[in-house]
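Everything on this sheet refers to the single structure shown next.
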Amino acid sequence: MLNAAQERAVNHLSGPCLVIAGAGSGKTRVITHKIARLLKAGYAPGEIAAITFTNKAAAEMRERARDLLADRRAARELVISTFHALGVRMLREDGSALGLKEQFSILDSDDVASLLREAGGTTDAKLARAWQWRISQWKSALLDPETAARTAQNSDDVQAAHVWARYAEQLAAYQAVDFDDLMVLPLRLLQQHPEARARWRARLRYLLVDEYQDTSDAQYQLLRLLAGDEGRFTAVGDDDQSIYGWRGATLDNLRQLPNDYPRLEVIKLEQNYRSTTAILRAANAVIAANPKIYPKRLWSEHGEGDAVEVREADSDEDEAERIVAKVQALRGGRGAKLADIAVLYRANHQSRPIEQALRRANIAYVVSGGQSFFDRAEIKDVCAYLRLLANPDDDPAFLRAVTTPKRGIGAATLKSLGAFASQWKVSLFDALFRDAMPAAVGQRQADALREFARLMHDIEWRSRTEPAGELLRSLLAAVGYEAHLREASDNEREAAQRWSNVNDFCDWIGRKAEEDKRDLKRMAQMVALITQLSERGEQADAVTLSTLHAAKGLEWPHVWLAGCEDGMLPFYTDERPLTDSGLEEERRLMYVGVTRARRTLTLSHCRKRRAHARNARACTPSRFLADLRAELPKTDGRASALARLAALRGRLGAADATEAGSAAADAAGTAAS
């Protein structure tokens, strides 16, 4: 059953539509019902594209559409994807117009940083990351290396622009693109090639854009080129939840939309289906001080609910103990599951004392948005060799393996090899065995490439008889991977930790292969599945610890928002002072945190906080707390005392915890660390 505003949004098909969807107002429901309405109006499933920002959001939308539509085939044919996945699709089909072969490689962040170090002639990983960040900003602003160099404001930008020019040559040589290119290149395709633009407009006749407030300039221009002057789109977003300005998102897109589309229909969704009235009063109070593009006020029919609480702690350790007490009280007094509870904070380092307190109390937890083991650069390096072992035609795996560690094979050689492989219509690895290959790349480079090929063939042959774990270690010894880590790392301690991760991975492969009676090649074929299984482990009953940015789009019955202090939330430092626009975005971030809560919300601040390894410093309560102070009750000393008593009981009870519960907590803590 849709409410009146949702009905209007779903049934408006006569022109461009902007849906201002407040937190918890049912925007995904509107999008999926509008898909059904478009199908009823005569659109073919493949002509409807629903575009969002994350794979998780796209999967949820696809599942909701499948549940809503009676025709399963129609649901399968819908185009539901992220902006970047749509970009990949466009480049796979039409990238040849821009000089890309169909099977171009997509580089991850670590690959990019490695190439930038090479392009800049440095081993300084921090400097390479700074270049990477600046180049990403320039690409989002639709600049090119020449324009960036010409308009550079300081010597650091001049240097970054020159490195970008060399990096762009490397990408062309590798037939590769980075994450930002997946937006920039499709936009260039539609701008420069009218026939491609007409073809994609005819194919995607109606667009639904989720989280519109998070779009960058490039994404907005791509939307305009696909939607045409008629504006065959519905954009769904909320100016109060725009928290990604640091990565190129701009609220100017919301301001510009009515100028570019004068017939734009604006519909507000203000009824919240998630939170209690007490929580929404706090949310409305927090965001009230921000200037409004489309003013709105959230309301709910869920009733008043529990009062929002503000707790003052002596220190971050005391704050963590209070969080444990709250978790114990929610479990004992309300029968809440651990998975019903989330602790949110501004910065990753704030989780340390909270994790320690939860582990002492034998409370299982997971860190949302934390780095997966398989996402570490050193594990990706090893997995590249395994992927190539499993599938010699995997060009991205070949590129990573053949250049890590370095073996005298640079961008020019790979460019020549890529051209040779394209000419013969074979993979890069297969091209190494063609008689004409040395003439294409040079004899010395050909010798190095074929030495690499012999190594991979030797490992493949040995995998039939040798234990998987031992063989993987033999492979890493043969390529000198430990020495490579020492050369590539900033310090000895980092190199040792990364090598320890590799050893853990080899141990795991060895144990798993022995248990399942698989050789190394068959284990290599399982790597993708292993990753999925590891991610599935996050569904256990455990408290969620998450940064505010990672919590966007999620919700829990019970939320504790920690570290509500000036300097933390809003975040600023002497080196990074708070600007007016920065303060507005920090206030929106606080608003996002508050609106994650469904039934109870607790906010805390400390008198003193220890930052990293430094001494404790005095703290001031966040100015955002003052904004909602009138909506909060007086502090209840008795409730605080009861919470402390619950914590004491929890710690005493922990001594009698079951072995399984203790193991679960240890496993969760180890994963988070």
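Each chain in the structure tokens gets a letter, A, B and so on, in the order shown; residues start at 1 in every chain, and ligands are counted from 1 in the order they appear.
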Discussion item. Which residues are near Gln423 in chain A? Cut-off 12 Å, only C-alpha atoms, ignore same chain within fewer than 6 positions. Put them as a list in words.
Written reply: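 Once the adjacent positions are removed, what remains is Lys101, Ser416, Leu417, Ala431, Arg434, Ala436, Met437 and Ala440 of chain A.
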Practice prompt. Pick out the residues sitting within 8 Å of Leu225 in chain A, and hand them over as a list in words; count only C-alpha atoms, and ignore anything fewer than 5 positions along from it in its own chain.
Written response: Leu190, Gln191 and Arg197 of chain A
Can you spit out the residues from that selection as a PDB file, in the first residue's frame, using C-alpha atoms?
```pdb
ATOM      1  CA  LEU A 190      28.260   9.765 -25.602  1.00  0.00           C
ATOM      2  CA  GLN A 191      29.629  13.287 -26.085  1.00  0.00           C
ATOM      3  CA  ARG A 197      24.494   8.248 -27.947  1.00  0.00           C
TER       4      ARG A 197
END
```
Worksheet item: What is the distance between CA of Ala196 in chain A and CA of Ile106 in chain A, in Å to one decimal?
Response: 21.8 Å
Worksheet entry | Residue nearest Leu254 in chain A - candidates A:Lys292, A:Arg609, A:Arg334, A:Arg274, atoms counted: only C-alpha atoms |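 Among the listed residues, the smallest separation from Leu254 in chain A belongs to A:Lys292.
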Practice prompt. Please give the complete set of residues from range 412-522 of chain A that DSSP, run on the backbone, assigns to alpha helix (DSSP H), formatted as a ChimeraX atom specification.
Written response: /A:412-424,428-431,437-441,443-462,468-479,481-488,492-516,520-522
Discussion item. Measuring between only C-alpha atoms, which one of A:Phe571, A:Trp556, A:Trp424, A:Phe624 shows the shortest distance to Val343 in chain A?
Written reply: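 Selected residue with least distance to Val343 in chain A: A:Trp556.
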Worksheet item: Which of these residues is nearest to Leu68 in chain A, using only C-alpha atoms: A:Ile35, A:Leu449, A:Ala113, A:Met456?
Response: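 Closest to Leu68 in chain A of all the choices is A:Ile35.
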Item to complete: Please run DSSP on the backbone and report, as a ChimeraX atom specification, all residues within range 307-543 of chain A that come out as strand (DSSP E).
Response: /A:309-313,341-345,365-368,543
Can those selected residues be exported to a file as an mmCIF file, in the first residue's frame so that it contains C-alpha atoms?
```
data_model
loop_
_atom_site.group_PDB
_atom_site.id
_atom_site.type_symbol
_atom_site.label_atom_id
_atom_site.label_comp_id
_atom_site.auth_asym_id
_atom_site.auth_seq_id
_atom_site.Cartn_x
_atom_site.Cartn_y
_atom_site.Cartn_z
ATOM 1 C CA GLU A 309 19.580 9.709 25.554
ATOM 2 C CA VAL A 310 22.812 11.692 25.779
ATOM 3 C CA ARG A 311 25.577 10.188 27.938
ATOM 4 C CA GLU A 312 28.727 11.913 29.159
ATOM 5 C CA ALA A 313 31.759 9.660 29.779
ATOM 6 C CA ILE A 341 22.498 -3.221 17.893
ATOM 7 C CA ALA A 342 24.920 -0.875 16.142
ATOM 8 C CA VAL A 343 27.645 1.430 17.449
ATOM 9 C CA LEU A 344 28.444 4.250 15.018
ATOM 10 C CA TYR A 345 31.369 6.683 15.029
ATOM 11 C CA TYR A 365 30.887 -8.022 16.968
ATOM 12 C CA VAL A 366 31.683 -7.269 13.345
ATOM 13 C CA VAL A 367 33.253 -4.147 11.853
ATOM 14 C CA SER A 368 31.114 -3.005 8.939
ATOM 15 C CA VAL A 543 26.957 -6.123 17.344
#
```
Discussion item. Nearest residue to Pro45 in chain A out of A:Arg73, A:Arg623, A:Arg297, A:Arg454, using only C-alpha atoms?
Written reply: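 Looking at the shortest contact to Pro45 in chain A, the residue is A:Arg73.
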Discussion item. Under the rule that only C-alpha atoms are counted, which of A:Ile48, A:Leu389, A:Leu280, A:Val88 is the nearest residue to Ser463 in chain A?
Written reply: A:Leu389
Worksheet item: Quick one: of A:Tyr273, A:Phe53, A:Phe429, A:Trp200, who's nearest to His302 in chain A, counting only C-alpha atoms?
Response: A:Tyr273
Worksheet item: So which residues touch Leu189 in chain A within 10 Å, counting only C-alpha atoms, skipping near sequence neighbours fewer than 4 positions away, as a list in words?
Response: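 Listed by chain and then number, they are Met90, Leu91, Asp94, Gly95, Ser96, Ala97, Leu98, Val184, Leu185, His193, Pro194, Glu195, Ala196, Arg197 and Leu222 of chain A.
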Worksheet item: Near range 481-492 of chain A, within 7 Å and counting only C-alpha atoms, which residues show up once chain neighbours fewer than 5 positions away are dropped, as a PyMOL selection string?
Response: chain A and resi 123+125+405+476+499
Fill in: Within 10 Å of Arg511 in chain A using only C-alpha atoms, minus same-chain residues under 6 positions, as a list of chain:residue names
A:Pro467, A:Ala468, A:Gly469, A:Phe505, A:Lys517
Suppose we keep C-alpha atoms; can you now write the selection as a PDB file, in the first residue's frame?
```
ATOM      1  CA  PRO A 467      50.709 -30.426  -1.883  1.00  0.00           C
ATOM      2  CA  ALA A 468      48.968 -27.121  -2.593  1.00  0.00           C
ATOM      3  CA  GLY A 469      50.326 -25.146   0.356  1.00  0.00           C
ATOM      4  CA  PHE A 505      46.951 -17.331   3.406  1.00  0.00           C
ATOM      5  CA  LYS A 517      41.744 -33.353  -1.254  1.00  0.00           C
TER       6      LYS A 517
END
```
